[in-house]
Amino acid sequence: MTPDLIRRLAPFREEALGRGIPSQDIERWIATARLSGTLVTSGDGPVVGRFGGPLMLPADAPDPWFPLLATLDCAALPEEVTGLPLPADGHLLLFGFPEMTYYSASAGEIVYVPAGTPVEERETKYPCVHGEEGNAFDDDQTLHIYEQFPQDELRLSADVSLPYHFLVASPEPFQEAAPLPGHPRALELAEAWTDTCGDIVVDGPLHIGGYAFHECTETDPVVDAAQEAAEYRRQRTAGPGEPVDAVEPPAPENWVLLAQWDIGLTGREGSTLHWVIARQDLAERRFDRAHVSFFWNP
């Protein structure tokens with residue numbers, strides 16, 4: 001964490017002190033700060049990718065089910081900005097659609113194309129928008145949402161991130177969630193951050209790394225998404241009684257936020273998509289194991 005990013009937390013510290021939170025609790029909370037990259041569509045930051053644009057895939061890659069949201073240049077997203085050990089080169093393609101899924105299924109996917117891989121432009125009708133056979137659904141709203149997907153360059157801004165949530169999900173259903181360990185004033189600290197982050201964090205539609213957030217501050221969106229992924233993996237079968245993946249999924253606390261899209265489209269105001277991945281899968285470049293969750297409080 002650079003001194004400049006730490007200095008940017010001064011408004012949060014002042015707000016927390018003003019609420020009577022002991023300084024030692026504030027400093028312990030600040031110690032949880034994470035690096036985060038905010039991607040914006042204006043400004044003078046370096047271009048690191050783009051919203052939309054042509055879909056460039058290897059010839060043998062399957063057609064994606066979900067629309068392409070963004071293509072990111074990994075070489076332009078260093079770990080000292082994002083806090084994530086992304087590949088040193090190549091491109092990450094983020095796919096997703098802001099719609100509720102069934103049975104904890106993913107609302108998108110991530111495709112990694114290593115540098116030097118031959119690619120070609122793919123003309124495709126995304127099944128989640130146009131139907132499995134390319135025939136448009138009768139749901140005009142679905143097509144209207146898709147037609148609003150942004151098309152623009154993405155520029156990088158270095159940011160700092162603190163938790164927006166103050167509870168972690170319990171491993172057992174219907175049990176009360178437990179406070180974040182080591183932070184007895186977690187609720188007040190999270191609220192102080194929510195009230196001051198607008199003066200600290202760059203306002204942008206796409207975030208890489210850091211803490212996930214949405215309107216529900218009781219639980220960590222990454223933990224929720226990881227639990228969805230585990231549940232979906234348990235439900236998938238290759239045949240009668242034959243699991244596709246018998247490997248126990250990583251514990252929720254071992255997952256990280258790879259990307260978050262603050263959607264803001266007409267008809268999806270206040271919604272977010274979170275691309276999350278287990279740390280081990282990120283290290284092993286198993287982006288096929290990533291999970292995308294959709295949150296919306298209409």
# chains A, B, ... in the order shown; residues from 1 in each chain; ligands from 1
call {"tool": "residues_around", "arguments": {"residues": "Pro11 (chain A)", "least_positions_apart": "3", "cutoff": "9 Å", "atoms": "only C-alpha atoms", "output": "CSV table (one decimal) with N, CA, C and O atoms, in the first residue's frame"}}
result
chain,number,residue,atom,x,y,z
A,7,ARG,N,-2.8,7.9,2.8
A,7,ARG,CA,-3.2,9.3,3.1
A,7,ARG,C,-4.7,9.6,2.7
A,7,ARG,O,-5.4,10.4,3.3
A,8,ARG,N,-5.1,8.9,1.6
A,8,ARG,CA,-6.4,9.1,1.1
A,8,ARG,C,-7.5,8.6,2.1
A,8,ARG,O,-8.7,9.0,2.0
A,14,GLU,N,-11.0,10.4,10.2
A,14,GLU,CA,-11.6,11.6,10.9
A,14,GLU,C,-13.1,11.3,11.2
A,14,GLU,O,-13.6,11.6,12.3
A,15,GLU,N,-13.8,10.7,10.2
A,15,GLU,CA,-15.2,10.4,10.5
A,15,GLU,C,-15.4,9.4,11.6
A,15,GLU,O,-16.3,9.5,12.4
A,16,ALA,N,-14.6,8.3,11.6
A,16,ALA,CA,-14.7,7.3,12.6
A,16,ALA,C,-14.3,7.9,14.0
A,16,ALA,O,-15.0,7.5,14.9
A,193,TRP,N,-17.1,4.1,6.6
A,193,TRP,CA,-16.5,4.0,5.3
A,193,TRP,C,-17.6,4.3,4.2
A,193,TRP,O,-17.3,5.0,3.2
A,196,THR,N,-18.0,7.9,3.7
A,196,THR,CA,-16.8,8.7,3.3
A,196,THR,C,-16.2,8.3,2.0
A,196,THR,O,-15.4,9.0,1.4
A,197,CYS,N,-16.5,7.0,1.6
A,197,CYS,CA,-15.7,6.5,0.5
A,197,CYS,C,-16.0,7.3,-0.8
A,197,CYS,O,-15.1,7.3,-1.7
A,199,ASP,N,-15.7,10.3,-1.2
A,199,ASP,CA,-14.6,11.3,-1.3
A,199,ASP,C,-13.2,10.7,-1.4
A,199,ASP,O,-12.3,11.5,-1.5
A,200,ILE,N,-13.1,9.4,-1.4
A,200,ILE,CA,-11.8,8.7,-1.4
A,200,ILE,C,-11.6,7.9,-2.6
A,200,ILE,O,-10.6,7.9,-3.2
call {"tool": "closest_atom_pairs", "arguments": {"of": "region 77-168 of chain A", "to": "region 46-63 of chain A", "cutoff": "9 Å", "atoms": "only C-alpha atoms", "output": "JSON lines"}}
result
{"residue": "A:Leu77", "atom": "CA", "partner": "A:Val48", "partner_atom": "CA", "distance": 6.9}
{"residue": "A:His91", "atom": "CA", "partner": "A:Gly49", "partner_atom": "CA", "distance": 8.8}
{"residue": "A:Leu93", "atom": "CA", "partner": "A:Leu55", "partner_atom": "CA", "distance": 8.8}
{"residue": "A:Val111", "atom": "CA", "partner": "A:Leu57", "partner_atom": "CA", "distance": 9.0}
{"residue": "A:Val113", "atom": "CA", "partner": "A:Leu57", "partner_atom": "CA", "distance": 7.5}
{"residue": "A:Thr117", "atom": "CA", "partner": "A:Pro58", "partner_atom": "CA", "distance": 7.0}
{"residue": "A:Pro118", "atom": "CA", "partner": "A:Pro58", "partner_atom": "CA", "distance": 5.9}
{"residue": "A:Val119", "atom": "CA", "partner": "A:Pro58", "partner_atom": "CA", "distance": 4.3}
{"residue": "A:Glu120", "atom": "CA", "partner": "A:Met56", "partner_atom": "CA", "distance": 5.3}
{"residue": "A:Glu121", "atom": "CA", "partner": "A:Met56", "partner_atom": "CA", "distance": 4.6}
{"residue": "A:Arg122", "atom": "CA", "partner": "A:Leu55", "partner_atom": "CA", "distance": 5.5}
{"residue": "A:Glu123", "atom": "CA", "partner": "A:Leu55", "partner_atom": "CA", "distance": 7.4}
{"residue": "A:Thr124", "atom": "CA", "partner": "A:Asp63", "partner_atom": "CA", "distance": 7.0}
{"residue": "A:Lys125", "atom": "CA", "partner": "A:Asp63", "partner_atom": "CA", "distance": 8.7}
{"residue": "A:Tyr126", "atom": "CA", "partner": "A:Asp63", "partner_atom": "CA", "distance": 8.0}
{"residue": "A:Phe149", "atom": "CA", "partner": "A:Gly52", "partner_atom": "CA", "distance": 7.3}
{"residue": "A:Pro150", "atom": "CA", "partner": "A:Phe51", "partner_atom": "CA", "distance": 5.7}
{"residue": "A:Gln151", "atom": "CA", "partner": "A:Gly52", "partner_atom": "CA", "distance": 4.8}
{"residue": "A:Asp152", "atom": "CA", "partner": "A:Phe51", "partner_atom": "CA", "distance": 5.1}
{"residue": "A:Glu153", "atom": "CA", "partner": "A:Arg50", "partner_atom": "CA", "distance": 4.2}
{"residue": "A:Leu154", "atom": "CA", "partner": "A:Arg50", "partner_atom": "CA", "distance": 4.8}
{"residue": "A:Arg155", "atom": "CA", "partner": "A:Val47", "partner_atom": "CA", "distance": 4.3}
{"residue": "A:Leu156", "atom": "CA", "partner": "A:Pro46", "partner_atom": "CA", "distance": 5.7}
{"residue": "A:Ser157", "atom": "CA", "partner": "A:Pro46", "partner_atom": "CA", "distance": 8.2}
call {"tool": "atom_distance", "arguments": {"atom1": "CA of Phe287 (chain A)", "atom2": "CA of Ala212 (chain A)"}}
result
18.4 Å
call {"tool": "closest_residue", "arguments": {"among": "A:Ala290, A:Ile30, A:Leu273, A:Ile145", "to": "His214 (chain A)", "atoms": "only C-alpha atoms"}}
result
A:Leu273
call {"tool": "closest_residue", "arguments": {"among": "A:Gly267, A:Gly131, A:Gly37, A:Gly43", "to": "Ser161 (chain A)", "atoms": "only C-alpha atoms"}}
result
A:Gly37
call {"tool": "residues_around", "arguments": {"residues": "Glu188 (chain A)", "least_positions_apart": "3", "cutoff": "9 Å", "atoms": "only C-alpha atoms", "output": "NGL selection string"}}
result
:A and (16 or 19 or 21 or 166 or 185 or 191-193)
call {"tool": "residues_around", "arguments": {"residues": "Leu84 (chain A)", "least_positions_apart": "4", "cutoff": "10 Å", "atoms": "only C-alpha atoms", "output": "PDB file with C-alpha atoms, in the first residue's frame"}}
result
ATOM      1  CA  ARG A  34      -6.810  -3.616   0.021  1.00  0.00           C
ATOM      2  CA  LEU A  35      -5.545  -2.302  -3.259  1.00  0.00           C
ATOM      3  CA  SER A  36      -8.156  -1.867  -5.941  1.00  0.00           C
ATOM      4  CA  GLY A  37      -8.217  -0.667  -9.524  1.00  0.00           C
ATOM      5  CA  LEU A  77      -3.248  -4.315 -14.739  1.00  0.00           C
ATOM      6  CA  PRO A  78      -0.234  -4.741 -12.426  1.00  0.00           C
ATOM      7  CA  GLU A  79      -0.603  -6.376  -9.019  1.00  0.00           C
ATOM      8  CA  GLU A  80       0.678  -3.230  -7.292  1.00  0.00           C
ATOM      9  CA  ILE A 208     -10.813  -4.851 -10.190  1.00  0.00           C
ATOM     10  CA  GLY A 209      -9.820  -6.376  -6.844  1.00  0.00           C
ATOM     11  CA  GLY A 210     -10.511  -4.870  -3.436  1.00  0.00           C
ATOM     12  CA  VAL A 256     -11.447 -12.961  -3.904  1.00  0.00           C
ATOM     13  CA  LEU A 257     -13.223 -10.358  -5.968  1.00  0.00           C
ATOM     14  CA  LEU A 258     -11.835 -10.253  -9.483  1.00  0.00           C
ATOM     15  CA  ARG A 279      -7.254 -17.752  -4.754  1.00  0.00           C
ATOM     16  CA  LEU A 282      -6.516 -17.657  -9.780  1.00  0.00           C
ATOM     17  CA  ALA A 283      -2.950 -18.800  -9.141  1.00  0.00           C
TER      18      ALA A 283
END
call {"tool": "atom_distance", "arguments": {"atom1": "CA of Val81 (chain A)", "atom2": "CA of Val40 (chain A)"}}
result
14.5 Å
